[in-house]
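**Q** The file below is query_26.cif, mmCIF, C-alpha atoms and all ligand atoms:
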```cif
data_protein
loop_
_atom_site.label_atom_id
_atom_site.label_comp_id
_atom_site.auth_asym_id
_atom_site.auth_seq_id
_atom_site.Cartn_x
_atom_site.Cartn_y
_atom_site.Cartn_z
CA MET L 176 10.00 14.38 -18.51
CA ASP L 177 8.56 10.88 -18.40
CA LEU L 178 11.33 8.31 -18.61
CA SER L 179 9.21 5.30 -17.76
CA VAL L 180 9.49 2.25 -19.96
CA THR L 181 6.33 0.26 -19.97
CA ARG L 182 6.24 -3.46 -20.63
CA THR L 183 2.59 -3.98 -20.78
CA ALA L 184 0.34 -6.13 -22.88
CA THR L 185 -2.25 -3.37 -23.00
CA PRO L 186 -0.99 0.17 -23.58
CA ILE L 187 -1.19 2.71 -20.80
CA VAL L 188 -3.53 5.56 -21.49
CA PRO L 189 -1.59 8.54 -20.16
CA PRO L 190 -3.51 11.21 -18.31
CA PRO L 191 -3.98 14.46 -20.27
CA ALA L 192 -0.80 16.59 -20.10
CA GLU L 193 -2.45 19.34 -18.07
CA THR L 194 -3.43 16.93 -15.31
CA ARG L 195 -0.14 15.03 -15.16
CA ARG L 196 1.29 15.14 -11.67
CA ALA L 197 4.66 14.40 -10.15
CA SER L 198 5.44 10.76 -9.38
CA ALA L 199 4.64 9.66 -5.87
CA VAL L 200 5.94 6.16 -6.55
CA ARG L 201 8.21 5.07 -9.35
CA LEU L 202 9.81 1.73 -10.09
CA GLU L 203 12.51 1.52 -12.74
CA ASP L 204 13.44 -1.90 -14.09
CA VAL L 205 13.05 -3.46 -10.65
CA ILE L 206 14.26 -7.01 -10.16
CA LYS L 207 13.82 -8.88 -6.91
CA VAL L 208 15.44 -12.24 -6.31
CA TYR L 209 14.96 -14.07 -3.03
CA ARG L 210 17.86 -16.35 -2.14
CA GLU L 211 17.56 -19.06 0.48
CA SER L 212 20.62 -21.35 0.74
CA ASP L 213 20.80 -22.78 -2.81
CA MET L 214 17.22 -21.81 -3.76
CA GLU L 215 16.55 -18.76 -5.89
CA THR L 216 13.13 -17.26 -6.56
CA ILE L 217 12.80 -14.41 -9.02
CA ALA L 218 9.79 -12.51 -7.66
CA LEU L 219 10.03 -9.43 -9.90
CA ARG L 220 11.57 -9.57 -13.37
CA GLY L 221 11.99 -5.97 -14.48
CA VAL L 222 9.05 -3.89 -13.31
CA ASP L 223 8.52 -0.32 -14.48
CA LEU L 224 5.71 1.60 -12.85
CA ASP L 225 4.97 5.27 -12.44
CA VAL L 226 2.22 6.33 -10.02
CA PRO L 227 1.44 10.05 -10.02
CA ALA L 228 0.63 11.69 -6.68
CA GLY L 229 -3.01 11.26 -5.76
CA GLU L 230 -3.69 8.26 -7.98
CA PHE L 231 -5.53 5.18 -6.74
CA VAL L 232 -3.99 2.03 -8.24
CA ALA L 233 -5.28 -1.49 -7.80
CA VAL L 234 -2.60 -4.17 -8.12
CA MET L 235 -3.91 -7.54 -9.27
CA GLY L 236 -2.43 -10.89 -10.19
CA ARG L 237 -2.62 -14.47 -9.10
CA SER L 238 -0.94 -15.85 -6.01
CA GLY L 239 2.85 -15.69 -6.26
CA SER L 240 2.88 -13.07 -9.04
CA GLY L 241 4.89 -10.60 -6.92
CA LYS L 242 2.26 -8.22 -5.52
CA SER L 243 3.39 -8.28 -1.88
CA THR L 244 7.02 -8.15 -2.98
CA LEU L 245 6.28 -4.97 -4.90
CA LEU L 246 4.53 -3.39 -1.92
CA ASN L 247 7.38 -4.31 0.44
CA LEU L 248 9.87 -2.61 -1.85
CA VAL L 249 7.78 0.56 -2.06
CA ALA L 250 7.38 0.53 1.73
CA ALA L 251 11.18 0.38 2.08
CA VAL L 252 10.73 -2.80 4.11
CA ASP L 253 12.97 -4.59 1.59
CA ARG L 254 15.47 -3.58 -1.12
CA PRO L 255 15.40 -4.45 -4.82
CA THR L 256 18.10 -6.79 -6.16
CA ALA L 257 18.45 -4.44 -9.14
CA GLY L 258 16.71 -1.33 -10.41
CA ARG L 259 15.43 1.67 -8.53
CA VAL L 260 12.42 2.41 -6.32
CA LEU L 261 11.71 6.11 -5.90
CA LEU L 262 9.32 7.75 -3.43
CA ASP L 263 8.72 11.40 -4.15
CA GLY L 264 11.76 11.18 -6.42
CA ILE L 265 14.04 9.78 -3.71
CA ASP L 266 15.79 6.47 -4.43
CA ILE L 267 14.94 4.67 -1.23
CA ALA L 268 17.50 1.86 -1.55
CA ARG L 269 20.33 4.36 -1.71
CA ALA L 270 18.98 6.84 0.81
CA GLY L 271 20.54 6.94 4.27
CA ASP L 272 18.86 5.28 7.24
CA GLU L 273 17.50 8.58 8.49
CA VAL L 274 15.78 9.39 5.19
CA ARG L 275 14.44 5.84 4.89
CA GLN L 276 13.02 6.06 8.38
CA ARG L 277 11.40 9.42 7.66
CA LEU L 278 9.82 8.04 4.49
CA ARG L 279 8.66 4.91 6.30
CA ARG L 280 7.12 6.84 9.16
CA GLY L 281 5.93 10.05 7.58
CA THR L 282 5.28 9.32 3.92
CA VAL L 283 4.15 5.72 3.49
CA GLY L 284 1.63 3.81 5.52
CA ILE L 285 1.27 0.10 4.97
CA VAL L 286 -1.62 -2.11 6.03
CA PHE L 287 -1.13 -5.84 5.72
CA GLN L 288 -3.74 -8.50 5.94
CA SER L 289 -2.08 -9.66 9.15
CA GLN L 290 -2.52 -6.76 11.52
CA ASN L 291 0.26 -4.78 13.07
CA LEU L 292 -1.31 -3.75 16.36
CA VAL L 293 0.58 -3.76 19.66
CA PRO L 294 -1.10 -6.55 21.66
CA SER L 295 -0.56 -5.04 25.12
CA LEU L 296 -2.20 -1.68 24.26
CA ASP L 297 -5.88 -0.95 23.81
CA LEU L 298 -7.09 0.46 20.50
CA VAL L 299 -7.04 4.11 21.56
CA GLU L 300 -3.46 3.67 22.78
CA ASN L 301 -2.53 1.87 19.56
CA VAL L 302 -3.85 4.74 17.45
CA CYS L 303 -2.13 7.34 19.65
CA LEU L 304 1.17 5.46 19.42
CA ALA L 305 0.96 5.16 15.63
CA ALA L 306 0.15 8.86 15.34
CA ALA L 307 3.09 9.82 17.56
CA LEU L 308 5.49 7.54 15.63
CA GLY L 309 4.35 9.24 12.44
CA GLY L 310 5.13 12.62 13.98
CA ARG L 311 1.41 13.58 14.18
CA PRO L 312 0.51 13.35 17.88
CA LEU L 313 -3.18 12.81 18.51
CA THR L 314 -5.32 13.24 21.62
CA ARG L 315 -7.34 10.32 22.98
CA ALA L 316 -10.46 12.06 21.67
CA GLY L 317 -8.85 12.33 18.24
CA ALA L 318 -7.99 8.63 18.36
CA ARG L 319 -11.58 7.77 19.32
CA ASP L 320 -12.82 9.85 16.43
CA LEU L 321 -10.61 7.95 14.01
CA LEU L 322 -11.75 4.62 15.47
CA GLY L 323 -15.31 5.81 14.89
CA GLN L 324 -14.56 6.35 11.22
CA VAL L 325 -13.60 2.68 10.89
CA ASP L 326 -16.62 1.66 12.93
CA VAL L 327 -14.86 0.37 16.06
CA ALA L 328 -15.52 3.38 18.34
CA ASP L 329 -17.04 1.20 21.02
CA ARG L 330 -13.96 -1.07 21.11
CA GLY L 331 -11.47 1.70 21.89
CA GLY L 332 -10.75 0.45 25.42
CA HIS L 333 -10.15 -3.14 24.32
CA ARG L 334 -6.92 -4.86 23.47
CA PRO L 335 -6.60 -6.28 19.93
CA ASP L 336 -7.07 -9.91 21.02
CA HIS L 337 -10.59 -9.04 22.21
CA LEU L 338 -11.63 -8.03 18.71
CA SER L 339 -12.85 -9.91 15.67
CA GLY L 340 -10.55 -10.24 12.65
CA GLY L 341 -12.43 -7.54 10.74
CA GLU L 342 -12.35 -5.17 13.70
CA GLN L 343 -8.61 -5.70 14.11
CA GLN L 344 -8.08 -5.00 10.45
CA ARG L 345 -10.07 -1.76 10.58
CA ALA L 346 -8.27 -0.70 13.75
CA ALA L 347 -4.95 -1.35 12.00
CA LEU L 348 -6.13 0.88 9.16
CA ALA L 349 -7.02 3.60 11.69
CA CYS L 350 -3.48 3.35 13.11
CA VAL L 351 -1.94 3.78 9.68
CA LEU L 352 -4.22 6.70 8.82
CA ALA L 353 -3.43 8.32 12.19
CA ALA L 354 0.07 9.04 10.91
CA ARG L 355 -1.53 10.76 7.90
CA PRO L 356 0.64 9.14 5.23
CA ARG L 357 0.69 10.55 1.71
CA ILE L 358 1.02 7.09 0.20
CA LEU L 359 -1.10 4.20 1.41
CA LEU L 360 -0.01 0.65 0.63
CA ALA L 361 -2.66 -1.94 1.35
CA ASP L 362 -2.28 -5.69 0.89
CA GLU L 363 -5.60 -7.51 0.53
CA ILE L 364 -7.34 -5.47 3.21
CA THR L 365 -10.77 -5.37 1.63
CA GLY L 366 -11.22 -9.14 1.80
CA GLU L 367 -14.55 -10.17 0.42
CA LEU L 368 -16.31 -7.03 -0.67
CA ASP L 369 -19.73 -8.49 -0.06
CA THR L 370 -18.96 -8.43 3.64
CA ALA L 371 -19.74 -5.19 5.46
CA ASN L 372 -16.09 -4.97 6.53
CA GLY L 373 -14.69 -5.07 2.99
CA ALA L 374 -17.13 -2.45 1.77
CA LEU L 375 -16.46 -0.14 4.71
CA VAL L 376 -12.69 -0.37 4.32
CA LEU L 377 -12.88 0.37 0.59
CA HIS L 378 -15.26 3.28 1.20
CA LEU L 379 -12.95 4.80 3.80
CA VAL L 380 -9.83 4.47 1.66
CA ARG L 381 -11.63 6.03 -1.30
CA GLU L 382 -12.92 8.90 0.83
CA ILE L 383 -9.43 9.78 2.07
CA HIS L 384 -8.01 9.33 -1.40
CA ARG L 385 -10.57 11.82 -2.71
CA SER L 386 -10.55 14.35 0.10
CA ALA L 387 -6.85 14.36 1.02
CA GLY L 388 -5.31 13.36 -2.31
CA LEU L 389 -3.90 10.16 -0.79
CA THR L 390 -1.92 8.05 -3.28
CA VAL L 391 -3.06 4.43 -2.96
CA LEU L 392 -1.56 1.12 -4.06
CA LEU L 393 -4.07 -1.53 -3.14
CA VAL L 394 -3.52 -5.22 -3.74
CA THR L 395 -6.73 -7.08 -4.40
CA HIS L 396 -8.02 -10.26 -6.00
CA ASP L 397 -11.48 -8.80 -6.32
CA PRO L 398 -12.35 -7.23 -9.72
CA VAL L 399 -15.17 -5.24 -8.09
CA VAL L 400 -12.67 -3.60 -5.73
CA ALA L 401 -10.23 -3.01 -8.60
CA ASP L 402 -12.95 -1.28 -10.62
CA ARG L 403 -13.24 1.37 -7.92
CA ALA L 404 -9.59 2.37 -8.47
CA ASP L 405 -8.41 4.90 -11.09
CA ARG L 406 -6.11 2.37 -12.66
CA ILE L 407 -5.55 -1.38 -12.62
CA VAL L 408 -2.06 -2.87 -12.86
CA GLU L 409 -1.80 -6.59 -13.39
CA LEU L 410 1.23 -8.69 -12.48
CA ARG L 411 2.03 -12.12 -13.81
CA ASP L 412 5.18 -14.05 -12.89
CA GLY L 413 6.92 -10.90 -11.71
CA ARG L 414 6.08 -8.79 -14.74
CA ILE L 415 3.47 -6.16 -15.44
CA VAL L 416 1.22 -7.63 -18.11
CA GLY L 417 -1.64 -5.15 -17.92
CA ASP L 418 -1.99 -1.48 -17.06
CA ARG L 419 -5.25 0.27 -17.77
CA ARG L 420 -7.64 2.95 -16.55
CA SER L 421 -10.59 1.41 -14.79
CA GLY L 422 -14.23 2.13 -15.41
N1 LIG A 1 10.85 -14.05 1.76
C1 LIG A 1 10.78 -14.82 0.68
N2 LIG A 1 11.74 -15.74 0.43
C2 LIG A 1 11.69 -16.52 -0.67
N3 LIG A 1 10.73 -16.43 -1.61
C3 LIG A 1 9.76 -15.53 -1.41
C4 LIG A 1 9.72 -14.68 -0.26
N4 LIG A 1 8.62 -13.89 -0.35
C5 LIG A 1 8.01 -14.24 -1.48
N5 LIG A 1 8.67 -15.21 -2.13
C6 LIG A 1 8.32 -15.81 -3.44
O1 LIG A 1 8.29 -14.76 -4.39
C7 LIG A 1 7.18 -14.93 -5.29
C8 LIG A 1 6.28 -13.71 -5.19
O2 LIG A 1 5.71 -13.69 -3.88
P1 LIG A 1 4.68 -12.56 -3.38
O3 LIG A 1 4.51 -12.77 -1.94
O4 LIG A 1 5.17 -11.25 -3.85
O5 LIG A 1 3.37 -12.98 -4.19
P2 LIG A 1 1.90 -12.37 -4.15
O6 LIG A 1 1.57 -11.94 -5.53
O7 LIG A 1 1.80 -11.38 -3.07
O8 LIG A 1 1.03 -13.66 -3.80
P3 LIG A 1 -0.30 -13.82 -2.87
O9 LIG A 1 -1.46 -13.38 -3.72
O10 LIG A 1 -0.35 -15.29 -2.60
O11 LIG A 1 -0.12 -13.00 -1.63
C9 LIG A 1 6.53 -16.24 -4.89
O12 LIG A 1 7.03 -17.25 -5.72
C10 LIG A 1 6.96 -16.45 -3.45
O13 LIG A 1 7.00 -17.83 -3.14
MG MG A 2 0.79 -11.34 -1.22
#
```
As a first step, turn the structure in this file into structure tokens.
**A**
Amino acid sequence: MDLSVTRTATPIVPPPAETRRASAVRLEDVIKVYRESDMETIALRGVDLDVPAGEFVAVMGRSGSGKSTLLNLVAAVDRPTAGRVLLDGIDIARAGDEVRQRLRRGTVGIVFQSQNLVPSLDLVENVCLAAALGGRPLTRAGARDLLGQVDVADRGGHRPDHLSGGEQQRAALACVLAARPRILLADEITGELDTANGALVLHLVREIHRSAGLTVLLVTHDPVVADRADRIVELRDGRIVGDRRSG
């Protein structure tokens, strides 16, 4: 039963009934208010979103529209002020710490534009650590293989501060993929698609989405990147104002 309430300017085209899959990610009337001393910022103003397992969604919207806030809530990094965020049907705000931790480590992987590599470890060690934390231990050879897929195989013995920004970003993606998440959350990781790095990152994410059925929520400002997704969701001032199939 689909209980989602959509508040979109353009109507959602639902997938045919026979292909409809269970929700991987679901937001129900989500409100997020940031409070700092006497300042209040309403970042999300009642967001409803239903992402079936295996769907690739691009999240667009101008700066400050609430994209990163939405991703942080789905990643269980933060809690909504009101409403519910469900991962695989589990309300993550109300789940116990153990369940939240399991979801954070085993189910969702998040890649931010600022990388989350451990500075004192080389890349192979970073990938091995991320894999182990995700409960999917990997050999050094396996880690090297993964680094090869993001085109930094020859940098495996280097620490992150010896790498370029693009290399660090791809290595961070390798770390997230090492834990084999079922849901990938990515915040502006493709950068400029006309750079080799942006294109490679998008290609890799799409490949894993296709081959392993990875659910993807990818924040981007680039319409060319968004067009490669199954669906484009547009945020404006904390509300979903567009939700359409791409292509
Ligand atoms: N920790 C915070 N404390 C207070 N306000 C915040 C916080 N994080 C975000 N905001 C505010 O919430 C709103 C939404 O921010 P968010 O980071 O989600 O935007 P965004 O769509 O990701 O923007 P960008 O494209 O610039 O990354 C903005 O007005 C922002 O200033
Ligand atoms: Mg952001």
**Q** Would you compute the distance between atom CA of L:Gly373 and atom CA of L:Gly341? Give it in Å to one decimal.
**A**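 Computing it gives 8.4 Å between the two atoms.
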**Q** Pick out the residues sitting within 12 Å of stretch 262-276 of chain L, and hand them over as a count of residues only; count all atoms listed in the file, and ignore anything fewer than 4 positions along from it in its own chain.
**A** 38
**Q** Could you check the closest approach to L:Val327 for each of L:Lys242, L:Leu313, L:Ala305, L:Asp297 and tell me which residue wins, using only C-alpha atoms?
**A**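 Looking at the shortest contact to L:Val327, the residue is L:Asp297.
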**Q** Contacts between ligand LIG 1 (chain A) and chain L, please, where a residue of chain L counts if it comes within 6 Å (with only C-alpha atoms and all ligand atoms); show its shortest atom pair and distance in Å to one decimal, rows by chain and ascending number, as a tab-separated table.
**A**
```
residue	atom	partner	partner_atom	distance
L:Tyr209	CA	A:LIG1	C2	4.7
L:Thr216	CA	A:LIG1	N3	5.6
L:Ala218	CA	A:LIG1	O1	4.2
L:Arg237	CA	A:LIG1	O9	5.6
L:Ser238	CA	A:LIG1	O9	3.4
L:Gly239	CA	A:LIG1	O5	3.4
L:Ser240	CA	A:LIG1	O6	3.9
L:Gly241	CA	A:LIG1	O4	3.2
L:Lys242	CA	A:LIG1	O6	3.8
L:Ser243	CA	A:LIG1	O7	3.7
L:Thr244	CA	A:LIG1	O4	3.7
```
**Q** Could you work out how far atom CA of L:Val400 lies from atom CA of L:Asp326, giving the answer in Å with one decimal?
**A**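 These atoms are spaced 19.8 Å apart.
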**Q** Mind giving me the straight-line distance from atom CA of L:Val391 to atom CA of L:Ala361 in Å, one decimal?
**A**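 We find that atom CA of L:Val391 and atom CA of L:Ala361 lie 7.7 Å from each other.
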**Q** Assuming 8 Å of padding per side, give the centre and edge lengths of the axis-aligned box around every listed atom of stretch 380-393 of chain L, in Å to one decimal and as JSON.
**A**
```
{"center_x": -7.2, "center_y": 6.4, "center_z": -1.0, "size_x": 27.4, "size_y": 31.9, "size_z": 22.1}
```
**Q** Compile the contact shell of L:His333 as a list of chain:residue names: residues with an atom at most 10 Å away, counting all atoms listed in the file, same-chain residues fewer than 5 positions apart removed.
**A**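 Here the answer would be L:Ser295, L:Leu296, L:Asp297, L:Leu298, L:Val299, L:Glu300, L:Leu338.
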**Q** List the residues sitting within 7 Å of (9.2, -11.4, -11.0) in the file's frame, using only C-alpha atoms, as a VMD selection string.
**A** chain L and resid 206 to 207 217 to 220 240 to 241 412 to 414
**Q** Around (-14.2, 3.4, 3.9) in the file's frame, which residues reach within 10 Å when counting all atoms listed in the file? Return as a VMD selection string?
**A** chain L and resid 324 to 326 345 348 365 372 to 383
**Q** Using only C-alpha atoms and all ligand atoms for the distances, tell me which of L:Arg259, L:His396, L:Arg406, L:Arg277 is nearest to ligand MG 2 (chain A).
**A**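 When distances to ligand MG 2 (chain A) are compared using only C-alpha atoms and all ligand atoms, the smallest one comes from L:His396.
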**Q** Of the residues L:Leu410, L:Val416, L:Ile364, L:Val260, which is the one nearest to L:Ala346, using all atoms listed in the file?
**A** L:Ile364
**Q** Rank nothing, just name the residue among L:Ala371, L:Ala306, L:Asp223, L:Phe231 nearest to L:Arg385, using all atoms listed in the file.
**A** L:Phe231
**Q** Kindly indicate which residue among L:Ala404, L:Leu360, L:Ala387, L:Ala307 lies nearest to L:Leu245, using all atoms listed in the file for the distances.
**A** L:Leu360
**Q** Neighbouring residues of L:Val234 were defined as those with any atom within 8 Å, considering only C-alpha atoms; residues of the same chain fewer than 6 positions away were excluded. Please report them as number ranges by chain.
**A** L: 242, 392-395, 401, 407-410
**Q** Applying 9 Å and only C-alpha atoms, which residues near L:Asn301 remain after dropping the ones on its own chain fewer than 5 positions away? List them as number ranges by chain.
**A** L: 292-294, 296, 306, 318, 334, 346-347, 350
